[in-house]
Structure formats: structure tokens, C-alpha cells
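Trainee: If it helps, the file is called model.pdb and holds PDB, C-alpha atoms:
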```pdb
ATOM      1  CA  MET A  19     115.255 219.265 212.912
ATOM      2  CA  ASN A  20     113.913 220.578 209.710
ATOM      3  CA  VAL A  21     112.974 224.253 209.480
ATOM      4  CA  GLU A  22     110.630 223.618 206.565
ATOM      5  CA  ASP A  23     108.215 221.433 208.559
ATOM      6  CA  GLY A  24     107.255 224.389 210.783
ATOM      7  CA  SER A  25     108.335 222.778 214.073
ATOM      8  CA  GLU A  26     110.981 225.431 214.659
ATOM      9  CA  THR A  27     111.642 228.808 213.167
ATOM     10  CA  GLN A  28     114.985 229.982 211.887
ATOM     11  CA  SER A  29     115.356 232.331 214.820
ATOM     12  CA  GLN A  30     114.888 229.474 217.291
ATOM     13  CA  ILE A  31     117.768 227.676 215.618
ATOM     14  CA  LEU A  32     120.059 230.679 215.201
ATOM     15  CA  LEU A  33     119.574 232.209 218.677
ATOM     16  CA  PRO A  34     121.183 229.324 220.598
ATOM     17  CA  CYS A  35     123.986 229.321 218.061
ATOM     18  CA  LEU A  36     124.491 233.047 218.589
ATOM     19  CA  GLU A  37     124.519 232.655 222.361
ATOM     20  CA  VAL A  38     126.840 229.667 222.492
ATOM     21  CA  HIS A  39     129.206 229.957 219.556
ATOM     22  CA  CYS A  40     129.255 233.484 218.197
ATOM     23  CA  THR A  41     129.117 237.115 219.052
ATOM     24  CA  ASP A  42     127.603 238.266 215.789
ATOM     25  CA  LEU A  43     125.393 236.778 213.102
ATOM     26  CA  VAL A  44     128.097 236.621 210.412
ATOM     27  CA  ALA A  45     130.415 234.547 212.570
ATOM     28  CA  CYS A  46     127.506 232.296 213.513
ATOM     29  CA  LEU A  47     126.624 231.645 209.901
ATOM     30  CA  GLN A  48     130.244 230.738 209.237
ATOM     31  CA  VAL A  49     130.193 228.225 212.099
ATOM     32  CA  MET A  50     126.811 226.702 211.156
ATOM     33  CA  PRO A  51     128.114 224.486 208.324
ATOM     34  CA  MET A  52     130.687 222.991 210.717
ATOM     35  CA  ILE A  53     128.022 222.262 213.323
ATOM     36  CA  TYR A  54     125.386 220.942 210.946
ATOM     37  CA  PRO A  55     126.952 218.977 208.099
ATOM     38  CA  THR A  56     124.984 218.632 204.902
ATOM     39  CA  GLU A  57     123.551 215.299 203.853
ATOM     40  CA  GLU A  58     126.264 214.981 201.207
ATOM     41  CA  GLU A  59     128.995 215.539 203.810
ATOM     42  CA  GLU A  60     127.395 213.009 206.151
ATOM     43  CA  GLU A  61     127.135 210.460 203.338
ATOM     44  CA  GLU A  62     130.753 211.074 202.314
ATOM     45  CA  ASP A  63     131.912 210.685 205.926
ATOM     46  CA  TYR A  64     129.908 207.471 206.218
ATOM     47  CA  GLU A  65     131.436 206.085 203.009
ATOM     48  CA  LYS A  66     134.966 206.960 204.172
ATOM     49  CA  LEU A  67     134.326 205.300 207.523
ATOM     50  CA  ALA A  68     132.852 202.206 205.851
ATOM     51  CA  TYR A  69     135.857 201.969 203.506
ATOM     52  CA  LYS A  70     138.274 202.344 206.417
ATOM     53  CA  GLU A  71     136.467 199.638 208.376
ATOM     54  CA  ARG A  72     136.605 197.281 205.368
ATOM     55  CA  LEU A  73     140.353 197.893 205.119
ATOM     56  CA  LYS A  74     140.780 197.210 208.829
ATOM     57  CA  ALA A  75     138.787 193.993 208.472
ATOM     58  CA  ALA A  76     140.973 192.909 205.545
ATOM     59  CA  VAL A  77     144.147 193.594 207.532
ATOM     60  CA  HIS A  78     142.728 191.722 210.530
ATOM     61  CA  TYR A  79     141.833 188.748 208.337
ATOM     62  CA  THR A  80     145.289 188.699 206.728
ATOM     63  CA  VAL A  81     147.130 188.992 210.057
ATOM     64  CA  GLY A  82     144.974 186.201 211.490
ATOM     65  CA  HIS A  83     145.665 184.015 208.467
ATOM     66  CA  ILE A  84     149.418 184.592 208.734
ATOM     67  CA  CYS A  85     149.333 183.805 212.469
ATOM     68  CA  GLU A  86     147.392 180.592 211.794
ATOM     69  CA  GLU A  87     149.981 179.533 209.213
ATOM     70  CA  THR A  88     153.136 180.441 211.119
ATOM     71  CA  GLY A  89     151.965 179.524 214.633
ATOM     72  CA  PRO A  90     152.007 175.717 214.279
ATOM     73  CA  GLU A  91     155.261 175.847 212.290
ATOM     74  CA  ASN A  92     156.957 177.606 215.201
ATOM     75  CA  GLY A  93     155.077 175.871 218.009
ATOM     76  CA  VAL A  94     153.251 179.050 219.044
ATOM     77  CA  GLU A  95     149.552 179.659 219.526
ATOM     78  CA  PHE A  96     148.220 183.205 219.106
ATOM     79  CA  SER A  97     145.198 184.440 221.028
ATOM     80  CA  LYS A  98     142.406 186.315 219.279
ATOM     81  CA  ARG A  99     143.184 189.367 221.374
ATOM     82  CA  PHE A 100     146.850 189.301 220.309
ATOM     83  CA  ILE A 101     145.802 189.004 216.651
ATOM     84  CA  ALA A 102     143.447 191.982 217.053
ATOM     85  CA  VAL A 103     146.179 194.129 218.647
ATOM     86  CA  LEU A 104     148.718 193.081 216.021
ATOM     87  CA  ALA A 105     146.233 193.850 213.226
ATOM     88  CA  ASP A 106     145.534 197.294 214.686
ATOM     89  CA  ALA A 107     149.254 198.054 215.021
ATOM     90  CA  THR A 108     149.816 196.827 211.462
ATOM     91  CA  PHE A 109     147.011 199.044 210.149
ATOM     92  CA  LYS A 110     148.432 202.098 211.907
ATOM     93  CA  GLN A 111     151.953 201.362 210.633
ATOM     94  CA  VAL A 112     150.770 200.902 207.058
ATOM     95  CA  LYS A 113     148.829 204.163 207.289
ATOM     96  CA  SER A 114     152.011 205.902 208.479
ATOM     97  CA  PHE A 115     153.957 204.321 205.604
ATOM     98  CA  ALA A 116     151.373 205.523 203.088
ATOM     99  CA  ILE A 117     151.576 209.089 204.385
ATOM    100  CA  ASP A 118     155.390 209.038 204.308
ATOM    101  CA  LEU A 119     155.466 207.613 200.770
ATOM    102  CA  GLU A 120     153.084 210.293 199.569
ATOM    103  CA  LEU A 121     155.217 212.997 201.178
ATOM    104  CA  PHE A 122     158.406 211.610 199.593
ATOM    105  CA  ALA A 123     156.806 211.653 196.144
ATOM    106  CA  ASN A 124     155.409 215.165 196.662
ATOM    107  CA  HIS A 125     158.823 216.393 197.819
ATOM    108  CA  ALA A 126     160.294 215.117 194.542
ATOM    109  CA  ASN A 127     157.519 216.964 192.633
ATOM    110  CA  ARG A 128     155.924 213.688 191.535
ATOM    111  CA  SER A 129     152.359 212.502 191.867
ATOM    112  CA  ILE A 130     153.300 208.818 191.590
ATOM    113  CA  ILE A 131     155.115 206.830 194.270
ATOM    114  CA  ASN A 132     158.024 204.820 192.866
ATOM    115  CA  THR A 133     160.609 202.348 194.139
ATOM    116  CA  GLU A 134     162.995 205.095 195.209
ATOM    117  CA  ASP A 135     160.369 206.339 197.667
ATOM    118  CA  VAL A 136     159.990 202.829 199.101
ATOM    119  CA  LYS A 137     163.764 202.493 199.441
ATOM    120  CA  LEU A 138     163.847 205.827 201.250
ATOM    121  CA  LEU A 139     161.090 204.627 203.583
ATOM    122  CA  VAL A 140     162.882 201.414 204.597
ATOM    123  CA  ARG A 141     166.418 202.831 204.657
ATOM    124  CA  LYS A 142     166.723 202.531 208.455
ATOM    125  CA  THR A 143     166.013 198.787 208.468
ATOM    126  CA  PRO A 144     169.007 197.144 206.765
ATOM    127  CA  THR A 145     167.475 193.698 206.131
ATOM    128  CA  LEU A 146     164.256 195.164 204.771
ATOM    129  CA  PHE A 147     166.241 197.629 202.665
ATOM    130  CA  LYS A 148     168.261 194.771 201.124
ATOM    131  CA  HIS A 149     165.072 192.851 200.377
ATOM    132  CA  VAL A 150     163.332 195.859 198.791
ATOM    133  CA  LYS A 151     166.471 196.733 196.797
ATOM    134  CA  ALA A 152     166.723 193.147 195.495
ATOM    135  CA  LEU A 153     163.053 193.207 194.458
ATOM    136  CA  ALA A 154     163.490 196.588 192.768
ATOM    137  CA  ASP A 155     166.590 195.387 190.893
ATOM    138  CA  GLU A 156     164.785 192.241 189.788
ATOM    139  CA  GLN A 157     161.829 194.289 188.574
ATOM    140  CA  ALA A 158     164.150 196.654 186.677
ATOM    141  CA  GLN A 159     165.825 193.682 184.959
ATOM    142  CA  GLN A 160     162.450 192.270 183.956
ATOM    143  CA  GLN A 161     161.443 195.629 182.501
ATOM    144  CA  GLU A 162     164.677 195.751 180.495
ATOM    145  CA  VAL A 163     163.953 192.275 179.085
ATOM    146  CA  VAL A 164     160.439 193.340 178.100
ATOM    147  CA  LYS A 165     161.789 196.495 176.440
ATOM    148  CA  ALA A 166     164.383 194.463 174.532
ATOM    149  CA  LYS A 167     161.702 192.030 173.332
ATOM    150  CA  ARG A 168     159.495 194.882 172.175
ATOM    151  CA  LYS A 169     162.386 196.494 170.366
ATOM    152  CA  ALA A 170     163.301 193.218 168.648
ATOM    153  CA  ALA A 171     159.675 192.606 167.649
ATOM    154  CA  LYS A 172     159.344 195.970 165.895
ATOM    155  CA  PRO A 173     160.161 195.890 162.189
ATOM    156  CA  THR A 174     163.308 197.809 161.349
ATOM    157  CA  GLN A 175     161.753 199.555 158.354
ATOM    158  CA  LYS A 176     158.244 200.866 158.115
ATOM    159  CA  ALA A 177     156.270 199.719 155.110
ATOM    160  CA  SER A 178     156.067 202.512 152.627
ATOM    161  CA  ILE A 179     152.589 203.830 152.071
ATOM    162  CA  PRO A 180     151.987 204.931 148.508
ATOM    163  CA  SER A 181     151.217 208.571 148.143
ATOM    164  CA  PHE A 182     147.935 209.789 146.736
ATOM    165  CA  GLU A 183     149.531 210.529 143.351
ATOM    166  CA  GLU A 184     151.111 207.064 143.102
ATOM    167  CA  SER A 185     147.814 205.358 143.801
ATOM    168  CA  ASP A 186     146.127 207.393 141.067
ATOM    169  CA  LYS A 187     148.749 206.302 138.538
ATOM    170  CA  THR A 188     148.295 202.628 139.369
ATOM    171  CA  ASN A 189     144.504 202.885 139.072
ATOM    172  CA  ASP A 190     144.625 204.391 135.546
TER
END
```
Kindly return the structure encoded in the file as C-alpha cells.

Mentor:
Amino acid sequence: MNVEDGSETQSQILLPCLEVHCTDLVACLQVMPMIYPTEEEEEEDYEKLAYKERLKAAVHYTVGHICEETGPENGVEFSKRFIAVLADATFKQVKSFAIDLELFANHANRSIINTEDVKLLVRKTPTLFKHVKALADEQAQQQEVVKAKRKAAKPTQKASIPSFEESDKTND
């Protein structure tokens, strides 16, 4: 309901708020933004919800694809309902992982999540920890090789740039 169109006055809007939510006008005005979100807040909430739903759909698609691939190999058929439940559980677990990883990085006074945070996350699952550690070690070795190649590619001496005075002498 828009106050500007004349259908309701400000007092007609504020009086129910005063009666239901507040004992004085100041407290009511503090509660009003929570009750009536602005258009920007509504749009932001809608965008967040749409993004979350797209992520859920992507997880559902991926879980379904994995089930389709692994089911025949193992002689198992997965129902659509099972895939939906598994996708939902996967989404919730990944969300929990993301929160934990962010907290680990913040605890170490970093804004970037690194491999040590992932190792800390999977530390209670020995097989997963071994797999993550092997991947991290392999990545570290690859980075060392890249660094060594860069170092070898750099010239050992920088070309000397003639000074201003030297260039004047050669031009005369």
C-alpha cells in the first residue's frame, strides 16, 4: 500500500504498528524497516534466492549425472526421489563445508581459503585426508616446477640502459 496515492494516511499505517508491535512511536519506527522491506532489499533477497536455487539445480543435475553413470556400472538403479534427497543432502553438506572453510581462514587471519584449511576440514576422514594431501602435494610440486622454469627463463643480467648523459654524447 502506497501512502502517496492517498488510499491510506500515515496515521492509518502507523497506528496498527503502534498497537501490535510497539509501545512508543520511536520503537515503532525502528521496527518498520524490518516489517516493510525496501524495494532494494526485496530485489536483493530475490536475487540471492534465485542464485541459491540455480546452485541447487546445478548440484541436483550433477548428482543425477553421477548416479546415471555409476548406477549401471554397479548394477544399481536410483530413483528420482533418491537423487533429489541425495542432492539436497549434498547441497547442505557443501554449504556446511564452505562455512567451516571460511571460519578456518578467518581464524588464521586470512581472507583467502588455502589447502591447509581444506586439510583441516577433512582431517577426520582418513581416506579423504590422504587424497586431499596427495592432491595438495602434487599441486605444490607443479608450482615449484613453474617457479623453476620462470627463474631459468629470466636473464641473469639486466641489459644496461644508457644514462641521459651517455645518450647525449653518442648523439653529438

Trainee: Please expand the PyMOL selection byres ((chain A and resi 135) around 12) into the concrete residues it hits in this file, giving the result as a ChimeraX atom specification.

Mentor: /A:115-126,128-134,136-141,147,150-151,154

Trainee: What would the selection look like, as a list in words, if the PyMOL selection byres ((chain A and resi 109) around 10) were run on the coordinates I just shared?

Mentor: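 In the shown coordinates, the PyMOL selection byres ((chain A and resi 109) around 10) covers Leu73, Lys74, Ala75, Ala76, Val77, His78, Val103, Leu104, Ala105, Asp106, Ala107, Thr108, Lys110, Gln111, Val112, Lys113, Ser114 and Phe115 of chain A.
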
Trainee: Could you tell me how far atom CA of Gly89 of chain A lies from atom CA of Ala102 of chain A, in Å and to one decimal?

Mentor: 15.3 Å

Trainee: Just how far from atom CA of Ile101 of chain A is atom CA of Glu71 of chain A, in Å to one decimal?

Mentor: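 Distance reported for this atom pair: 16.4 Å.
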
Trainee: Work out how far apart atom CA of Glu86 of chain A and atom CA of Leu67 of chain A are and give it in Å to one decimal.

Mentor: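 Computed distance, atom CA of Glu86 of chain A to atom CA of Leu67 of chain A, equals 28.3 Å.
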
Trainee: Grab all the atoms of segment 56-70 of chain A that the file lists, wrap them in a box along x, y and z, add 5 Å per side, and give me centre plus edge lengths in Å (one decimal) as JSON.

Mentor:
```
{"center_x": 130.9, "center_y": 210.3, "center_z": 204.4, "size_x": 24.7, "size_y": 26.7, "size_z": 16.3}
```

Trainee: Taking into account only C-alpha atoms, which residue in the set A:Lys66, A:Lys172, A:Lys98, A:Lys142 is nearest to His83 of chain A?

Mentor: A:Lys98

Trainee: At the level of N, CA, C and O atoms, write segment 79-110 of chain A to a file as a PDB file, in the first residue's frame, please.

Mentor:
```
ATOM      1  N   TYR A  79      21.553 -31.594 -10.788  1.00  0.00           N
ATOM      2  CA  TYR A  79      21.932 -32.109 -12.112  1.00  0.00           C
ATOM      3  C   TYR A  79      23.197 -32.963 -12.015  1.00  0.00           C
ATOM      4  O   TYR A  79      23.275 -34.046 -12.581  1.00  0.00           O
ATOM      5  N   THR A  80      24.193 -32.469 -11.291  1.00  0.00           N
ATOM      6  CA  THR A  80      25.463 -33.188 -11.168  1.00  0.00           C
ATOM      7  C   THR A  80      25.283 -34.513 -10.432  1.00  0.00           C
ATOM      8  O   THR A  80      25.815 -35.541 -10.854  1.00  0.00           O
ATOM      9  N   VAL A  81      24.525 -34.508  -9.344  1.00  0.00           N
ATOM     10  CA  VAL A  81      24.276 -35.741  -8.594  1.00  0.00           C
ATOM     11  C   VAL A  81      23.534 -36.734  -9.483  1.00  0.00           C
ATOM     12  O   VAL A  81      23.864 -37.933  -9.516  1.00  0.00           O
ATOM     13  N   GLY A  82      22.537 -36.260 -10.216  1.00  0.00           N
ATOM     14  CA  GLY A  82      21.803 -37.138 -11.126  1.00  0.00           C
ATOM     15  C   GLY A  82      22.702 -37.730 -12.196  1.00  0.00           C
ATOM     16  O   GLY A  82      22.610 -38.923 -12.518  1.00  0.00           O
ATOM     17  N   HIS A  83      23.587 -36.905 -12.736  1.00  0.00           N
ATOM     18  CA  HIS A  83      24.520 -37.368 -13.765  1.00  0.00           C
ATOM     19  C   HIS A  83      25.468 -38.438 -13.201  1.00  0.00           C
ATOM     20  O   HIS A  83      25.717 -39.459 -13.848  1.00  0.00           O
ATOM     21  N   ILE A  84      25.978 -38.209 -12.012  1.00  0.00           N
ATOM     22  CA  ILE A  84      26.873 -39.181 -11.382  1.00  0.00           C
ATOM     23  C   ILE A  84      26.124 -40.488 -11.113  1.00  0.00           C
ATOM     24  O   ILE A  84      26.654 -41.581 -11.353  1.00  0.00           O
ATOM     25  N   CYS A  85      24.885 -40.392 -10.639  1.00  0.00           N
ATOM     26  CA  CYS A  85      24.094 -41.600 -10.385  1.00  0.00           C
ATOM     27  C   CYS A  85      23.824 -42.363 -11.676  1.00  0.00           C
ATOM     28  O   CYS A  85      23.860 -43.600 -11.693  1.00  0.00           O
ATOM     29  N   GLU A  86      23.545 -41.634 -12.763  1.00  0.00           N
ATOM     30  CA  GLU A  86      23.315 -42.291 -14.054  1.00  0.00           C
ATOM     31  C   GLU A  86      24.567 -43.013 -14.544  1.00  0.00           C
ATOM     32  O   GLU A  86      24.478 -44.071 -15.157  1.00  0.00           O
ATOM     33  N   GLU A  87      25.729 -42.433 -14.288  1.00  0.00           N
ATOM     34  CA  GLU A  87      26.985 -43.050 -14.721  1.00  0.00           C
ATOM     35  C   GLU A  87      27.358 -44.257 -13.872  1.00  0.00           C
ATOM     36  O   GLU A  87      27.765 -45.292 -14.388  1.00  0.00           O
ATOM     37  N   THR A  88      27.247 -44.117 -12.557  1.00  0.00           N
ATOM     38  CA  THR A  88      27.725 -45.175 -11.665  1.00  0.00           C
ATOM     39  C   THR A  88      26.696 -46.271 -11.424  1.00  0.00           C
ATOM     40  O   THR A  88      27.073 -47.384 -11.063  1.00  0.00           O
ATOM     41  N   GLY A  89      25.412 -45.975 -11.624  1.00  0.00           N
ATOM     42  CA  GLY A  89      24.370 -46.971 -11.391  1.00  0.00           C
ATOM     43  C   GLY A  89      24.531 -48.222 -12.240  1.00  0.00           C
ATOM     44  O   GLY A  89      24.622 -49.335 -11.693  1.00  0.00           O
ATOM     45  N   PRO A  90      24.569 -48.101 -13.566  1.00  0.00           N
ATOM     46  CA  PRO A  90      24.717 -49.302 -14.402  1.00  0.00           C
ATOM     47  C   PRO A  90      26.028 -50.053 -14.160  1.00  0.00           C
ATOM     48  O   PRO A  90      26.066 -51.277 -14.243  1.00  0.00           O
ATOM     49  N   GLU A  91      27.097 -49.312 -13.859  1.00  0.00           N
ATOM     50  CA  GLU A  91      28.387 -49.955 -13.589  1.00  0.00           C
ATOM     51  C   GLU A  91      28.309 -50.877 -12.376  1.00  0.00           C
ATOM     52  O   GLU A  91      28.984 -51.903 -12.313  1.00  0.00           O
ATOM     53  N   ASN A  92      27.498 -50.486 -11.394  1.00  0.00           N
ATOM     54  CA  ASN A  92      27.384 -51.252 -10.159  1.00  0.00           C
ATOM     55  C   ASN A  92      26.098 -52.073 -10.078  1.00  0.00           C
ATOM     56  O   ASN A  92      25.808 -52.669  -9.034  1.00  0.00           O
ATOM     57  N   GLY A  93      25.317 -52.072 -11.144  1.00  0.00           N
ATOM     58  CA  GLY A  93      24.076 -52.827 -11.158  1.00  0.00           C
ATOM     59  C   GLY A  93      23.011 -52.270 -10.239  1.00  0.00           C
ATOM     60  O   GLY A  93      22.217 -53.013  -9.669  1.00  0.00           O
ATOM     61  N   VAL A  94      22.984 -50.944 -10.081  1.00  0.00           N
ATOM     62  CA  VAL A  94      22.025 -50.289  -9.192  1.00  0.00           C
ATOM     63  C   VAL A  94      21.242 -49.259 -10.003  1.00  0.00           C
ATOM     64  O   VAL A  94      21.784 -48.582 -10.875  1.00  0.00           O
ATOM     65  N   GLU A  95      19.962 -49.145  -9.695  1.00  0.00           N
ATOM     66  CA  GLU A  95      19.142 -48.121 -10.325  1.00  0.00           C
ATOM     67  C   GLU A  95      18.671 -47.162  -9.235  1.00  0.00           C
ATOM     68  O   GLU A  95      18.156 -47.595  -8.201  1.00  0.00           O
ATOM     69  N   PHE A  96      18.850 -45.872  -9.466  1.00  0.00           N
ATOM     70  CA  PHE A  96      18.487 -44.853  -8.477  1.00  0.00           C
ATOM     71  C   PHE A  96      17.162 -44.211  -8.874  1.00  0.00           C
ATOM     72  O   PHE A  96      16.977 -43.828 -10.023  1.00  0.00           O
ATOM     73  N   SER A  97      16.281 -44.055  -7.905  1.00  0.00           N
ATOM     74  CA  SER A  97      15.002 -43.397  -8.176  1.00  0.00           C
ATOM     75  C   SER A  97      15.210 -41.885  -8.206  1.00  0.00           C
ATOM     76  O   SER A  97      16.187 -41.357  -7.653  1.00  0.00           O
ATOM     77  N   LYS A  98      14.276 -41.197  -8.827  1.00  0.00           N
ATOM     78  CA  LYS A  98      14.351 -39.731  -8.885  1.00  0.00           C
ATOM     79  C   LYS A  98      14.253 -39.129  -7.487  1.00  0.00           C
ATOM     80  O   LYS A  98      14.906 -38.132  -7.191  1.00  0.00           O
ATOM     81  N   ARG A  99      13.452 -39.750  -6.657  1.00  0.00           N
ATOM     82  CA  ARG A  99      13.299 -39.253  -5.283  1.00  0.00           C
ATOM     83  C   ARG A  99      14.612 -39.401  -4.510  1.00  0.00           C
ATOM     84  O   ARG A  99      15.014 -38.500  -3.779  1.00  0.00           O
ATOM     85  N   PHE A 100      15.287 -40.547  -4.673  1.00  0.00           N
ATOM     86  CA  PHE A 100      16.578 -40.741  -4.012  1.00  0.00           C
ATOM     87  C   PHE A 100      17.582 -39.696  -4.484  1.00  0.00           C
ATOM     88  O   PHE A 100      18.319 -39.118  -3.677  1.00  0.00           O
ATOM     89  N   ILE A 101      17.613 -39.439  -5.793  1.00  0.00           N
ATOM     90  CA  ILE A 101      18.546 -38.453  -6.347  1.00  0.00           C
ATOM     91  C   ILE A 101      18.260 -37.072  -5.769  1.00  0.00           C
ATOM     92  O   ILE A 101      19.177 -36.332  -5.408  1.00  0.00           O
ATOM     93  N   ALA A 102      16.968 -36.732  -5.630  1.00  0.00           N
ATOM     94  CA  ALA A 102      16.600 -35.427  -5.069  1.00  0.00           C
ATOM     95  C   ALA A 102      17.050 -35.304  -3.616  1.00  0.00           C
ATOM     96  O   ALA A 102      17.592 -34.270  -3.199  1.00  0.00           O
ATOM     97  N   VAL A 103      16.852 -36.361  -2.834  1.00  0.00           N
ATOM     98  CA  VAL A 103      17.262 -36.346  -1.417  1.00  0.00           C
ATOM     99  C   VAL A 103      18.780 -36.281  -1.309  1.00  0.00           C
ATOM    100  O   VAL A 103      19.330 -35.525  -0.490  1.00  0.00           O
ATOM    101  N   LEU A 104      19.465 -37.061  -2.139  1.00  0.00           N
ATOM    102  CA  LEU A 104      20.930 -37.047  -2.121  1.00  0.00           C
ATOM    103  C   LEU A 104      21.469 -35.675  -2.534  1.00  0.00           C
ATOM    104  O   LEU A 104      22.419 -35.168  -1.931  1.00  0.00           O
ATOM    105  N   ALA A 105      20.842 -35.063  -3.528  1.00  0.00           N
ATOM    106  CA  ALA A 105      21.271 -33.727  -3.973  1.00  0.00           C
ATOM    107  C   ALA A 105      21.064 -32.700  -2.863  1.00  0.00           C
ATOM    108  O   ALA A 105      21.929 -31.843  -2.626  1.00  0.00           O
ATOM    109  N   ASP A 106      19.937 -32.784  -2.172  1.00  0.00           N
ATOM    110  CA  ASP A 106      19.672 -31.852  -1.072  1.00  0.00           C
ATOM    111  C   ASP A 106      20.676 -32.035   0.055  1.00  0.00           C
ATOM    112  O   ASP A 106      21.209 -31.057   0.596  1.00  0.00           O
ATOM    113  N   ALA A 107      20.960 -33.289   0.411  1.00  0.00           N
ATOM    114  CA  ALA A 107      21.948 -33.562   1.461  1.00  0.00           C
ATOM    115  C   ALA A 107      23.335 -33.079   1.035  1.00  0.00           C
ATOM    116  O   ALA A 107      24.077 -32.506   1.849  1.00  0.00           O
ATOM    117  N   THR A 108      23.664 -33.269  -0.233  1.00  0.00           N
ATOM    118  CA  THR A 108      24.956 -32.813  -0.749  1.00  0.00           C
ATOM    119  C   THR A 108      25.053 -31.293  -0.673  1.00  0.00           C
ATOM    120  O   THR A 108      26.072 -30.743  -0.250  1.00  0.00           O
ATOM    121  N   PHE A 109      23.980 -30.611  -1.059  1.00  0.00           N
ATOM    122  CA  PHE A 109      23.971 -29.143  -1.015  1.00  0.00           C
ATOM    123  C   PHE A 109      24.178 -28.649   0.406  1.00  0.00           C
ATOM    124  O   PHE A 109      24.980 -27.746   0.654  1.00  0.00           O
ATOM    125  N   LYS A 110      23.467 -29.254   1.352  1.00  0.00           N
ATOM    126  CA  LYS A 110      23.604 -28.839   2.755  1.00  0.00           C
ATOM    127  C   LYS A 110      25.011 -29.115   3.284  1.00  0.00           C
ATOM    128  O   LYS A 110      25.577 -28.297   4.022  1.00  0.00           O
TER     129      LYS A 110
END
```
